[in-house]
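Engineer: Once you've had a glance at the structure underneath, I'll fire off some questions.
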Amino acid sequence: MMFKVLIVDDEPITRQGLVMLIPWESYGFEVVGTAANGNEAIEKYSSLSPNLMIIDIRMPGMSGIELIERIRVSDSSVQFLILSGHAEFEYAKKAISNNVKGYLLKPVDEDELIRYLQEINTKLVEVLEYNHIKVKKDEENRERIIHFALEGERLDEFKYCSDHFLEWNKYRVLLISVDEQSNSDLMNLKNSFREFFEEGNIGTVFIYNSYIGILLNDELEFNGQYDYLYKNLQNVFHNNYTHFTAAISNPFDKITDIFAYYESTCKLINHQFFFDEGYLLNESSETAIKVEIQDSQYEVEQFKMTSVVDKLLFAMEIGDLSAIKRICDEVAMWMIDENYSENIIKKNFIQIISSLLNKLMYEYQDIRETLSNVFTRVFEIENQPKIRALLSFVNSLLAEILEKMDVKNTDVLVKKMINLIERNYDKNIKLETLSKVLNYNRAYLGKLFKDYTGEHFNTYLDKVRIENGKNLLLQGLKVYQVAERIGFSNVDYFHSKFRKYEGMSPSTYRKSKMMN
């Protein structure tokens, strides 16, 4: 390391002569500037922060002694050498009282200056090493105190009452989680964060349970400055790390309360799956997805996997990608509201999509290859880092299948409904369910259907069922078996519907056809 020198003398020849007199770098110094008087010297001292100033004792305006006295008011570390053409003892005594390292007579003797430089270099190196050791020890002490507080140990006031960070009126904990980093990486990061947080008395950096933590001075009022903090974190990570998660606690008054706020901040990081990326998590953070759950049954019933799969199947067969997305969002939101863990949510989505694929595999033999390819990727759901990424991945899988499905007349809403009825007449199809899947008003959807088919939705469904029932009756199935096959859970209800549309009972219909 080179120490900086500022030369102050009112004679240009003397200034230039000193610059050229010796090879400064050979003795660990570099001349960073010169000044012709006291006022100029003060300006350059402020901008250059020299370690050594060589000053003429007699200058017009402000004398060298006055210049030294002014600088000594705020800086006790800078070293001084006095230049003079006069060897008056009184001047020398006053200079020595201001902690001046040496007194050189003009013209300056090269060897004498070199001896002073060697002494001053030794002194500055010692001070530098001492300060480094002191800073390191202070850092270790502060981190040890934070560890004591986190582990609930009794703090000895004598140990820490003089530490500046413990004199703050309010604190916050900021925690940073870095993916798959070694201990040496964490130490390097900790040192980088210290440059920003500790030099400005903003906070104290520590490592605890593989988190990088910062105990913040909340007198600086970080509430509302989360973007500012996050950008500074990004600056540290920019060149070396691609992904990190950070969270900040609410403020607290005593360092001994740190553990509770550390735990709440850990919880935010552990639940990072539910939040978007790119900002500092805090207690006011909302989950990444927020949808209005349209089916009230989601709120009161226990989670039913089969119901979700059926809804998705309807949406797939209708060909409505927006309905598919909405159903997945609602299911995710329901599980989040019920405090399902990240792991359970992922397992449930794997089960939902796998069950849906099994149903589609049975119904759509012609796209088995596409369905098999999607099947091989279902377990990639486990690798999705965020809930939004998970939903995006699931939607992309279903969209890929939808492109291959031969859904008849999918451009016309009612034709989609007719196609659905023809495929699923044996299931519990309701206009109300379809209206929710399609995100249409029930009455409006019913009117569209009636205008297009000339029949009410339920009438049309009944007639499709009865027509399929007639075929089954002629195949020799018993009446109750036919009723179950075509979606009537009650055989008496089937009887009444059959009489309504055919004018006779199911048994009579079969007999009449067999006689012919």
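To be explicit about the labels: the chains of the structure tokens are called A, B, and onward in the order shown, and within each one the residues are counted from 1, while ligands get numbers from 1 in the order they are shown.
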Show which residues sit within 9 Å of A:Asn39, as a ChimeraX atom specification. Count only C-alpha atoms, and ignore same-chain residues fewer than 3 positions away.
Structural biologist: /A:35-36,42-44,61-62,67
Engineer: Find the residues near stretch 472-484 of chain A: any atom within 8 Å, counting only C-alpha atoms, skip ones fewer than 3 places away on the same chain, and give them as a list in words.
Structural biologist: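 My list of contacting residues is Asp426, Asn468, Gly469, Gly487, Phe488, Ser489, Asn490, Val491, Phe494, Pro506, Ser507, Arg510, Lys513 and Met514 of chain A.
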Engineer: Please, could you write that set of residues out with all heavy atoms as a tab-separated table (two decimals), in the first residue's frame?
Structural biologist:
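Saved to out.tsv:
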chain	number	residue	atom	x	y	z
A	426	ASP	N	-73.59	-39.10	-19.09
A	426	ASP	CA	-73.72	-40.04	-17.97
A	426	ASP	C	-73.23	-39.45	-16.66
A	426	ASP	O	-73.35	-40.08	-15.61
A	426	ASP	CB	-72.96	-41.32	-18.27
A	426	ASP	CG	-71.49	-41.08	-18.55
A	426	ASP	OD1	-71.17	-40.00	-19.09
A	426	ASP	OD2	-70.67	-41.94	-18.22
A	468	ASN	N	-79.77	-42.42	-25.57
A	468	ASN	CA	-78.75	-43.42	-25.24
A	468	ASN	C	-79.32	-44.54	-24.40
A	468	ASN	O	-78.91	-45.70	-24.53
A	468	ASN	CB	-77.58	-42.75	-24.51
A	468	ASN	CG	-76.66	-41.99	-25.45
A	468	ASN	OD1	-75.78	-42.56	-26.07
A	468	ASN	ND2	-76.89	-40.68	-25.57
A	469	GLY	N	-80.30	-44.21	-23.55
A	469	GLY	CA	-80.97	-45.23	-22.74
A	469	GLY	C	-81.75	-46.22	-23.59
A	469	GLY	O	-81.79	-47.42	-23.30
A	487	GLY	N	-76.86	-41.67	-16.29
A	487	GLY	CA	-76.75	-40.52	-15.40
A	487	GLY	C	-77.92	-40.25	-14.49
A	487	GLY	O	-77.95	-39.22	-13.81
A	488	PHE	N	-78.92	-41.17	-14.42
A	488	PHE	CA	-80.03	-41.01	-13.49
A	488	PHE	C	-79.74	-41.85	-12.25
A	488	PHE	O	-79.69	-43.09	-12.32
A	488	PHE	CB	-81.36	-41.46	-14.12
A	488	PHE	CG	-81.86	-40.55	-15.21
A	488	PHE	CD1	-81.86	-40.96	-16.53
A	488	PHE	CD2	-82.34	-39.29	-14.89
A	488	PHE	CE1	-82.32	-40.12	-17.53
A	488	PHE	CE2	-82.81	-38.44	-15.88
A	488	PHE	CZ	-82.79	-38.85	-17.21
A	489	SER	N	-79.58	-41.22	-11.13
A	489	SER	CA	-79.26	-41.96	-9.90
A	489	SER	C	-80.50	-42.62	-9.30
A	489	SER	O	-80.40	-43.55	-8.51
A	489	SER	CB	-78.64	-41.01	-8.87
A	489	SER	OG	-79.52	-39.93	-8.59
A	490	ASN	N	-81.68	-42.13	-9.71
A	490	ASN	CA	-82.94	-42.66	-9.16
A	490	ASN	C	-83.74	-43.31	-10.31
A	490	ASN	O	-84.08	-42.67	-11.30
A	490	ASN	CB	-83.74	-41.51	-8.53
A	490	ASN	CG	-84.98	-41.99	-7.82
A	490	ASN	OD1	-85.85	-42.62	-8.44
A	490	ASN	ND2	-85.09	-41.69	-6.53
A	491	VAL	N	-84.05	-44.60	-10.18
A	491	VAL	CA	-84.74	-45.32	-11.26
A	491	VAL	C	-86.15	-44.80	-11.49
A	491	VAL	O	-86.65	-44.79	-12.63
A	491	VAL	CB	-84.72	-46.84	-10.97
A	491	VAL	CG1	-85.65	-47.19	-9.80
A	491	VAL	CG2	-85.12	-47.65	-12.22
A	494	PHE	N	-85.96	-41.84	-13.65
A	494	PHE	CA	-85.74	-42.29	-15.03
A	494	PHE	C	-87.07	-42.70	-15.67
A	494	PHE	O	-87.37	-42.35	-16.82
A	494	PHE	CB	-84.74	-43.44	-15.03
A	494	PHE	CG	-84.59	-44.12	-16.36
A	494	PHE	CD1	-84.32	-43.40	-17.52
A	494	PHE	CD2	-84.73	-45.51	-16.48
A	494	PHE	CE1	-84.18	-44.04	-18.75
A	494	PHE	CE2	-84.60	-46.14	-17.71
A	494	PHE	CZ	-84.32	-45.40	-18.84
A	506	PRO	N	-90.05	-47.61	-19.83
A	506	PRO	CA	-88.90	-48.24	-20.47
A	506	PRO	C	-89.17	-49.70	-20.85
A	506	PRO	O	-88.76	-50.15	-21.93
A	506	PRO	CB	-87.80	-48.13	-19.41
A	506	PRO	CG	-88.18	-46.96	-18.59
A	506	PRO	CD	-89.68	-46.97	-18.55
A	507	SER	N	-89.84	-50.43	-19.96
A	507	SER	CA	-90.11	-51.85	-20.24
A	507	SER	C	-91.04	-52.00	-21.43
A	507	SER	O	-90.84	-52.86	-22.31
A	507	SER	CB	-90.74	-52.51	-19.00
A	507	SER	OG	-89.85	-52.45	-17.91
A	510	ARG	N	-89.20	-51.38	-24.69
A	510	ARG	CA	-88.38	-52.51	-25.12
A	510	ARG	C	-89.25	-53.61	-25.75
A	510	ARG	O	-88.90	-54.18	-26.79
A	510	ARG	CB	-87.59	-53.06	-23.93
A	510	ARG	CG	-86.73	-54.27	-24.29
A	510	ARG	CD	-85.63	-54.52	-23.30
A	510	ARG	NE	-86.08	-54.52	-21.93
A	510	ARG	CZ	-85.25	-54.46	-20.87
A	510	ARG	NH1	-83.95	-54.36	-21.08
A	510	ARG	NH2	-85.72	-54.49	-19.65
A	513	LYS	N	-90.47	-52.71	-29.26
A	513	LYS	CA	-89.43	-52.77	-30.27
A	513	LYS	C	-89.05	-54.21	-30.60
A	513	LYS	O	-88.73	-54.55	-31.74
A	513	LYS	CB	-88.18	-52.00	-29.82
A	513	LYS	CG	-88.37	-50.50	-29.76
A	513	LYS	CD	-88.63	-49.93	-31.14
A	513	LYS	CE	-88.80	-48.43	-31.11
A	513	LYS	NZ	-89.13	-47.90	-32.46
A	514	MET	N	-89.10	-55.07	-29.58
A	514	MET	CA	-88.72	-56.46	-29.79
A	514	MET	C	-89.80	-57.21	-30.57
A	514	MET	O	-89.52	-58.15	-31.31
A	514	MET	CB	-88.46	-57.15	-28.45
A	514	MET	CG	-87.21	-56.62	-27.75
A	514	MET	SD	-86.84	-57.45	-26.22
A	514	MET	CE	-86.35	-59.06	-26.81
Engineer: Take atom CA of A:Ser63 and atom CA of A:Asp109 and report the distance between them in Å, one decimal.
Structural biologist: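 For atom CA of A:Ser63 relative to atom CA of A:Asp109, the distance reads 22.5 Å.
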Engineer: In stretch 287-410 of chain A, what's alpha helix (DSSP H) per DSSP? Answer as a PyMOL selection string?
Structural biologist: chain A and resi 297-300+305-318+321-337+342-363+368-375+387-404
